[in-house]
file final-v4.txt (compact mmCIF, C-alpha atoms)
# COMPACT_ATOMS: atom_id res chain seq x y z
CA MET A 1 -16.58 20.36 46.23
CA ASP A 2 -14.31 22.99 44.59
CA TRP A 3 -14.45 26.77 44.89
CA THR A 4 -15.84 27.16 41.37
CA THR A 5 -18.94 25.20 42.30
CA LEU A 6 -19.38 27.11 45.55
CA LEU A 7 -19.05 30.47 43.80
CA GLY A 8 -21.53 29.29 41.20
CA GLY A 9 -23.94 28.44 44.01
CA VAL A 10 -23.57 31.91 45.53
CA ALA A 11 -24.19 33.54 42.14
CA ALA A 12 -27.22 31.35 41.39
CA GLY A 13 -28.79 32.03 44.78
CA LEU A 14 -28.20 35.77 44.52
CA LEU A 15 -29.54 36.23 40.99
CA ILE A 16 -32.64 34.10 41.55
CA SER A 17 -33.52 35.72 44.88
CA VAL A 18 -33.20 39.27 43.54
CA VAL A 19 -35.86 38.46 40.94
CA THR A 20 -38.23 36.38 43.05
CA ALA A 21 -38.14 37.98 46.53
CA PRO A 22 -40.27 41.03 45.58
CA ALA A 23 -43.16 38.67 44.79
CA GLY A 24 -42.87 36.78 48.08
CA VAL A 25 -40.99 33.79 46.62
CA SER A 26 -37.69 32.67 48.13
CA GLY A 27 -36.38 31.45 44.78
CA ALA A 28 -36.03 27.81 45.79
CA VAL A 29 -38.65 26.83 43.22
CA PHE A 30 -36.25 27.97 40.47
CA LEU A 31 -33.04 26.97 42.22
CA LEU A 32 -34.05 23.31 42.45
CA PRO A 33 -33.71 22.58 38.68
CA VAL A 34 -30.32 24.31 38.74
CA GLN A 35 -29.20 22.01 41.54
CA LEU A 36 -30.41 18.95 39.65
CA SER A 37 -29.05 19.85 36.21
CA VAL A 38 -26.00 22.06 36.86
CA PHE A 39 -24.68 20.92 40.25
CA ALA A 40 -25.88 17.28 39.96
CA VAL A 41 -27.23 17.05 43.51
CA PRO A 42 -28.65 13.52 43.92
CA ASN A 43 -32.24 12.63 44.79
CA PRO A 44 -33.71 12.96 47.36
CA SER A 45 -30.85 15.03 48.83
CA VAL A 46 -31.78 17.89 46.52
CA THR A 47 -34.95 18.56 48.52
CA PRO A 48 -33.31 19.19 51.94
CA THR A 49 -30.54 21.12 50.15
CA ASN A 50 -33.22 23.42 48.77
CA LEU A 51 -34.75 23.76 52.23
CA LEU A 52 -31.29 24.61 53.62
CA PHE A 53 -31.08 27.37 51.01
CA ASN A 54 -34.36 28.79 52.31
CA VAL A 55 -33.13 28.68 55.90
CA VAL A 56 -29.97 30.65 55.10
CA ALA A 57 -31.48 33.00 52.50
CA GLY A 58 -34.77 33.79 54.25
CA PRO A 59 -33.54 36.27 56.91
CA GLY A 60 -32.36 38.73 54.23
CA ALA A 61 -35.83 39.58 52.92
CA LEU A 62 -37.50 39.03 56.31
CA TRP A 63 -35.20 41.52 58.01
CA ARG A 64 -36.15 44.14 55.43
CA HIS A 65 -39.88 43.41 55.78
CA GLY A 66 -39.58 43.35 59.57
CA ARG A 67 -38.21 46.89 59.59
CA THR A 68 -41.38 48.10 57.85
CA GLY A 69 -43.73 46.17 60.18
CA ALA A 70 -45.00 43.97 57.35
CA LEU A 71 -44.54 40.74 59.36
CA ARG A 72 -47.21 41.66 61.89
CA GLY A 73 -50.77 40.45 61.38
CA PRO A 74 -52.86 37.28 61.40
CA LEU A 75 -51.99 36.15 57.86
CA VAL A 76 -48.41 35.28 58.88
CA ARG A 77 -49.62 33.23 61.86
CA ARG A 78 -52.22 31.31 59.81
CA LEU A 79 -49.79 30.41 57.06
CA VAL A 80 -47.16 29.21 59.52
CA ALA A 81 -49.72 27.20 61.52
CA GLY A 82 -50.76 25.31 58.38
CA THR A 83 -47.45 24.82 56.62
CA LEU A 84 -45.43 23.58 59.62
CA PRO A 85 -47.21 20.21 60.05
CA GLY A 86 -47.58 19.91 56.29
CA VAL A 87 -43.87 20.12 55.57
CA VAL A 88 -43.13 17.26 58.01
CA ILE A 89 -45.67 15.05 56.22
CA GLY A 90 -44.20 16.02 52.86
CA ALA A 91 -40.65 15.23 53.96
CA VAL A 92 -41.66 11.72 55.05
CA VAL A 93 -43.48 11.14 51.75
CA ARG A 94 -40.48 12.43 49.78
CA VAL A 95 -37.98 10.07 51.40
CA LEU A 96 -40.12 6.94 51.71
CA ALA A 97 -42.36 7.12 48.63
CA LEU A 98 -40.76 9.38 45.99
CA PRO A 99 -36.98 8.81 45.94
CA GLY A 100 -36.63 8.18 42.18
CA PRO A 101 -35.56 10.98 39.80
CA THR A 102 -38.18 10.15 37.13
CA VAL A 103 -41.11 10.43 39.51
CA PHE A 104 -39.60 13.58 40.95
CA ARG A 105 -39.27 15.23 37.52
CA VAL A 106 -42.91 14.41 36.77
CA LEU A 107 -43.88 16.03 40.07
CA ILE A 108 -41.85 19.15 39.23
CA ALA A 109 -43.59 19.43 35.86
CA ALA A 110 -47.03 18.87 37.37
CA LEU A 111 -46.43 21.71 39.84
CA LEU A 112 -44.63 24.25 37.68
CA LEU A 113 -46.57 24.00 34.41
CA PRO A 114 -50.05 24.85 35.74
CA LEU A 115 -48.63 27.41 38.18
CA GLY A 116 -46.73 29.20 35.42
CA VAL A 117 -49.66 29.21 32.99
CA TRP A 118 -52.00 30.40 35.74
CA LEU A 119 -49.68 33.27 36.63
CA CYS A 120 -49.40 34.42 33.03
CA VAL A 121 -53.13 34.19 32.37
CA ARG A 122 -54.04 36.04 35.57
CA THR A 123 -51.55 38.77 34.66
CA LEU A 124 -52.59 39.20 31.03
CA ARG A 125 -56.32 38.77 31.71
CA PRO A 126 -56.97 40.14 35.19
CA ALA A 127 -60.19 39.48 37.05
CA ARG A 128 -63.18 41.81 36.87
CA LYS A 129 -62.89 45.15 38.60
CA ARG A 130 -65.14 43.96 41.41
CA PRO A 131 -62.72 43.08 44.23
CA ALA A 132 -62.52 39.38 45.03
CA ALA A 133 -63.52 38.26 48.52
CA GLU A 134 -60.54 37.27 50.63
CA PRO A 135 -60.52 33.62 51.78
CA SER A 136 -61.70 32.80 55.29
CA PRO A 137 -59.14 32.10 58.06
CA ARG A 138 -60.04 28.38 57.97
CA THR A 139 -59.52 28.29 54.20
CA VAL A 140 -56.15 30.01 54.52
CA THR A 141 -54.96 27.50 57.14
CA GLY A 142 -56.23 24.52 55.10
CA LEU A 143 -54.53 25.84 51.98
CA ALA A 144 -51.32 26.35 53.94
CA LEU A 145 -51.44 22.75 55.19
CA ALA A 146 -51.81 21.37 51.65
CA VAL A 147 -49.05 23.61 50.34
CA GLY A 148 -46.83 22.60 53.25
CA VAL A 149 -47.10 18.94 52.20
CA ILE A 150 -46.23 19.85 48.61
CA GLY A 151 -43.40 22.06 49.81
CA GLY A 152 -41.96 19.28 51.94
CA ILE A 153 -41.93 16.97 48.92
CA TYR A 154 -40.63 19.59 46.52
CA GLY A 155 -38.23 21.42 48.83
CA ILE A 156 -39.61 24.91 48.23
CA GLY A 157 -41.09 25.82 51.60
CA GLY A 158 -44.47 26.51 49.95
CA GLY A 159 -44.25 30.28 49.52
CA SER A 160 -44.04 30.07 45.74
CA LEU A 161 -47.46 28.37 45.72
CA LEU A 162 -49.12 30.33 48.53
CA GLY A 163 -48.15 33.73 47.11
CA PRO A 164 -49.86 33.57 43.71
CA VAL A 165 -52.89 31.66 45.03
CA LEU A 166 -53.60 34.18 47.80
CA ALA A 167 -52.97 37.13 45.50
CA GLY A 168 -55.44 35.64 43.02
CA ARG A 169 -58.01 35.33 45.80
CA GLY A 170 -57.90 39.05 46.46
CA VAL A 171 -55.27 39.39 49.20
CA PRO A 172 -53.04 42.43 48.47
CA VAL A 173 -49.53 41.53 47.33
CA ALA A 174 -48.07 43.85 49.97
CA ARG A 175 -49.53 41.51 52.62
CA VAL A 176 -48.96 38.27 50.75
CA ALA A 177 -45.23 38.68 50.04
CA PRO A 178 -43.89 39.02 53.60
CA ALA A 179 -46.34 36.40 54.95
CA ALA A 180 -45.38 33.87 52.27
CA LEU A 181 -41.67 34.46 52.90
CA ALA A 182 -42.16 34.03 56.65
CA ALA A 183 -44.02 30.74 56.10
CA THR A 184 -41.30 29.58 53.71
CA PHE A 185 -38.56 30.31 56.23
CA THR A 186 -40.19 28.64 59.24
CA THR A 187 -41.30 25.54 57.33
CA SER A 188 -37.87 25.21 55.73
CA VAL A 189 -36.23 25.14 59.17
CA VAL A 190 -38.57 22.34 60.28
CA GLY A 191 -38.35 20.54 56.92
CA ALA A 192 -34.55 20.57 56.84
CA ALA A 193 -34.43 19.22 60.40
CA THR A 194 -36.92 16.49 59.48
CA PHE A 195 -34.80 15.39 56.52
CA ALA A 196 -31.68 15.37 58.68
CA LEU A 197 -33.43 13.02 61.14
CA LEU A 198 -34.78 10.83 58.34
CA SER A 199 -31.27 10.48 56.91
CA LEU A 200 -30.34 8.58 60.08
CA THR A 201 -33.07 5.97 59.53
CA THR A 202 -32.95 5.36 55.76
CA THR A 203 -30.40 4.29 53.17
CA GLU A 204 -31.58 7.04 50.80
CA ALA A 205 -29.43 10.18 50.41
CA ALA A 206 -31.79 12.25 52.56
CA ALA A 207 -29.24 14.62 54.13
CA PRO A 208 -28.65 17.99 52.45
CA ASP A 209 -25.53 18.91 50.49
CA TRP A 210 -24.36 21.23 53.24
CA ALA A 211 -21.63 23.09 51.33
CA LEU A 212 -23.73 23.83 48.26
CA GLY A 213 -26.85 24.64 50.29
CA LEU A 214 -24.92 27.15 52.42
CA ALA A 215 -23.28 28.70 49.35
CA CYS A 216 -26.59 29.15 47.53
CA GLY A 217 -28.15 30.41 50.74
CA LEU A 218 -25.46 33.06 51.18
CA GLY A 219 -26.23 34.39 47.71
CA GLY A 220 -29.94 34.21 48.47
CA LEU A 221 -29.44 36.10 51.74
CA ILE A 222 -27.98 39.06 49.85
CA GLY A 223 -30.36 38.75 46.90
CA GLY A 224 -33.43 38.44 49.12
CA TYR A 225 -32.61 41.66 50.94
CA LEU A 226 -32.01 43.49 47.68
CA GLY A 227 -35.21 42.09 46.16
CA ALA A 228 -37.31 43.13 49.17
CA ARG A 229 -35.74 46.59 49.04
CA LEU A 230 -36.57 46.87 45.32
CA GLN A 231 -40.18 45.67 45.74
CA PRO A 232 -41.83 49.13 45.83
CA HIS A 233 -40.00 50.17 42.64
CA LEU A 234 -40.68 47.14 40.41
CA PRO A 235 -43.74 46.85 38.11
CA GLU A 236 -45.85 43.98 39.41
CA THR A 237 -47.16 43.01 35.96
CA ALA A 238 -43.69 42.45 34.51
CA LEU A 239 -42.56 40.54 37.59
CA ARG A 240 -45.53 38.18 37.53
CA LEU A 241 -45.05 37.54 33.81
CA LEU A 242 -41.37 36.76 34.40
CA LEU A 243 -42.17 34.30 37.18
CA GLY A 244 -44.94 32.67 35.16
CA THR A 245 -42.72 32.29 32.10
CA LEU A 246 -39.86 30.80 34.14
CA ALA A 247 -42.18 28.33 35.85
CA THR A 248 -43.79 27.26 32.57
CA THR A 249 -40.42 26.84 30.83
CA LEU A 250 -38.87 24.84 33.65
CA GLY A 251 -41.97 22.68 34.02
CA GLY A 252 -41.96 21.92 30.31
CA LEU A 253 -38.26 21.06 30.38
CA TYR A 254 -38.65 18.53 33.17
CA ALA A 255 -41.79 17.08 31.62
CA ALA A 256 -39.80 16.41 28.45
CA GLN A 257 -36.92 14.86 30.41
CA ALA A 258 -39.28 12.60 32.32
CA LEU A 259 -41.10 11.45 29.18
CA PHE A 260 -38.14 11.11 26.81
call {"tool": "encode", "arguments": {"input": "final-v4.txt", "output": "structure tokens"}}
result
Amino acid sequence: MDWTTLLGGVAAGLLISVVTAPAGVSGAVFLLPVQLSVFAVPNPSVTPTNLLFNVVAGPGALWRHGRTGALRGPLVRRLVAGTLPGVVIGAVVRVLALPGPTVFRVLIAALLLPLGVWLCVRTLRPARKRPAAEPSPRTVTGLALAVGVIGGIYGIGGGSLLGPVLAGRGVPVARVAPAALAATFTTSVVGAATFALLSLTTTEAAAPDWALGLACGLGGLIGGYLGARLQPHLPETALRLLLGTLATTLGGLYAAQALF
């Protein structure tokens, strides 16, 4: 891999993380299509490469949130407790049942399209002024488990799904963002290790692209810190619309590629 590709990975990780970190998203959900289309990372290696990005990039935003005490509290523990076993299940499913690029593109579209539309609709047409009841601890853990499975398959750690869902259920974004990033980081560590072990027992390309993953992660490390630092100064409405539009556009692109 040449230096141009590595520098491109650093730039991609940095730019994506600056935009997504304030909302509690590591940026892997948007980096994955870049790895597939621009850097031509093969399937299913692209999934552990994305998880490797989360592992390297995560401490940037987490360090900033940790300094403010935002990582304390039960929400972080519940999300981690659910997503950790889920990501192992998802990694096994990804390697053994979903290795083909066509199926993977359909999965990307099925995840990103509804998530993007939901984000835009919730932003443009917010719920009634009556505050929504926060989900119960059991519901939070169950949701985290399901998202962990999806994250293990998709290589996103799960924070990009947990964040908007919990915010829509009435949990303040100030609590959701650091908790979702913490869950993304811990599950990505376990998920990347699981893929590394699976690569020893399968003929599929299950190991990450170490050079590209580390390069993107370095950019994400810097961008995540900057994004977390900018969080109090960014308008939440504009940020949610940006994320929703990106998710919808990327989902539509991969749906078209899978169908045509």
call {"tool": "atom_distance", "arguments": {"input": "final-v4.txt", "atom1": "CA of Ala146 in chain A", "atom2": "CA of Leu166 in chain A"}}
result
13.5 Å
call {"tool": "atom_distance", "arguments": {"input": "final-v4.txt", "atom1": "CA of Pro42 in chain A", "atom2": "CA of Phe185 in chain A"}}
result
23.1 Å
call {"tool": "closest_residue", "arguments": {"input": "final-v4.txt", "among": "A:Thr139, A:Thr102, A:Thr20, A:Ser160", "to": "Ala183 in chain A", "atoms": "all atoms listed in the file"}}
result
A:Ser160
call {"tool": "atom_distance", "arguments": {"input": "final-v4.txt", "atom1": "CA of Ala207 in chain A", "atom2": "CA of Ser188 in chain A"}}
result
13.8 Å
call {"tool": "closest_atom_pairs", "arguments": {"input": "final-v4.txt", "of": "range 132-232 of chain A", "to": "range 24-35 of chain A", "cutoff": "10 Å", "atoms": "only C-alpha atoms", "output": "JSON lines"}}
result
{"residue": "A:Gly151", "atom": "CA", "partner": "A:Val29", "partner_atom": "CA", "distance": 9.4}
{"residue": "A:Tyr154", "atom": "CA", "partner": "A:Val29", "partner_atom": "CA", "distance": 8.2}
{"residue": "A:Gly155", "atom": "CA", "partner": "A:Ala28", "partner_atom": "CA", "distance": 7.4}
{"residue": "A:Ile156", "atom": "CA", "partner": "A:Ala28", "partner_atom": "CA", "distance": 5.2}
{"residue": "A:Gly157", "atom": "CA", "partner": "A:Ala28", "partner_atom": "CA", "distance": 8.0}
{"residue": "A:Gly158", "atom": "CA", "partner": "A:Val25", "partner_atom": "CA", "distance": 8.7}
{"residue": "A:Gly159", "atom": "CA", "partner": "A:Val25", "partner_atom": "CA", "distance": 5.6}
{"residue": "A:Ser160", "atom": "CA", "partner": "A:Val25", "partner_atom": "CA", "distance": 4.9}
{"residue": "A:Leu161", "atom": "CA", "partner": "A:Val25", "partner_atom": "CA", "distance": 8.5}
{"residue": "A:Leu162", "atom": "CA", "partner": "A:Gly24", "partner_atom": "CA", "distance": 9.0}
{"residue": "A:Gly163", "atom": "CA", "partner": "A:Gly24", "partner_atom": "CA", "distance": 6.2}
{"residue": "A:Pro164", "atom": "CA", "partner": "A:Gly24", "partner_atom": "CA", "distance": 8.8}
{"residue": "A:Val173", "atom": "CA", "partner": "A:Gly24", "partner_atom": "CA", "distance": 8.2}
{"residue": "A:Ala174", "atom": "CA", "partner": "A:Gly24", "partner_atom": "CA", "distance": 9.0}
{"residue": "A:Arg175", "atom": "CA", "partner": "A:Gly24", "partner_atom": "CA", "distance": 9.3}
{"residue": "A:Val176", "atom": "CA", "partner": "A:Gly24", "partner_atom": "CA", "distance": 6.8}
{"residue": "A:Ala177", "atom": "CA", "partner": "A:Gly24", "partner_atom": "CA", "distance": 3.6}
{"residue": "A:Pro178", "atom": "CA", "partner": "A:Gly24", "partner_atom": "CA", "distance": 6.0}
{"residue": "A:Ala179", "atom": "CA", "partner": "A:Gly24", "partner_atom": "CA", "distance": 7.7}
{"residue": "A:Ala180", "atom": "CA", "partner": "A:Gly24", "partner_atom": "CA", "distance": 5.7}
{"residue": "A:Leu181", "atom": "CA", "partner": "A:Gly24", "partner_atom": "CA", "distance": 5.5}
{"residue": "A:Ala182", "atom": "CA", "partner": "A:Gly24", "partner_atom": "CA", "distance": 9.0}
{"residue": "A:Thr184", "atom": "CA", "partner": "A:Ser26", "partner_atom": "CA", "distance": 7.3}
{"residue": "A:Phe185", "atom": "CA", "partner": "A:Ser26", "partner_atom": "CA", "distance": 8.5}
{"residue": "A:Leu212", "atom": "CA", "partner": "A:Gln35", "partner_atom": "CA", "distance": 8.9}
{"residue": "A:Gly213", "atom": "CA", "partner": "A:Gln35", "partner_atom": "CA", "distance": 9.4}
{"residue": "A:Cys216", "atom": "CA", "partner": "A:Leu31", "partner_atom": "CA", "distance": 8.6}
{"residue": "A:Gly217", "atom": "CA", "partner": "A:Ala28", "partner_atom": "CA", "distance": 9.7}
{"residue": "A:Gly220", "atom": "CA", "partner": "A:Ser26", "partner_atom": "CA", "distance": 7.9}
{"residue": "A:Leu221", "atom": "CA", "partner": "A:Ser26", "partner_atom": "CA", "distance": 9.6}
{"residue": "A:Gly223", "atom": "CA", "partner": "A:Ser26", "partner_atom": "CA", "distance": 9.6}
{"residue": "A:Gly224", "atom": "CA", "partner": "A:Ser26", "partner_atom": "CA", "distance": 7.2}
{"residue": "A:Gly227", "atom": "CA", "partner": "A:Gly24", "partner_atom": "CA", "distance": 9.5}
{"residue": "A:Ala228", "atom": "CA", "partner": "A:Gly24", "partner_atom": "CA", "distance": 8.5}
{"residue": "A:Gln231", "atom": "CA", "partner": "A:Gly24", "partner_atom": "CA", "distance": 9.6}
call {"tool": "residues_around", "arguments": {"input": "final-v4.txt", "residues": "Trp210 in chain A", "least_positions_apart": "4", "cutoff": "8 Å", "atoms": "only C-alpha atoms", "output": "PDB file with C-alpha atoms, in the coordinates of the input"}}
result
ATOM      1  CA  THR A  49     -30.540  21.120  50.150  1.00  0.00           C
ATOM      2  CA  LEU A  52     -31.290  24.610  53.620  1.00  0.00           C
ATOM      3  CA  LEU A 214     -24.920  27.150  52.420  1.00  0.00           C
TER       4      LEU A 214
END
call {"tool": "residues_around", "arguments": {"input": "final-v4.txt", "residues": "Leu198 in chain A", "least_positions_apart": "2", "cutoff": "9 Å", "atoms": "all atoms listed in the file", "output": "ChimeraX atom specification"}}
result
/A:91-92,95,193-196,200-202,206-207
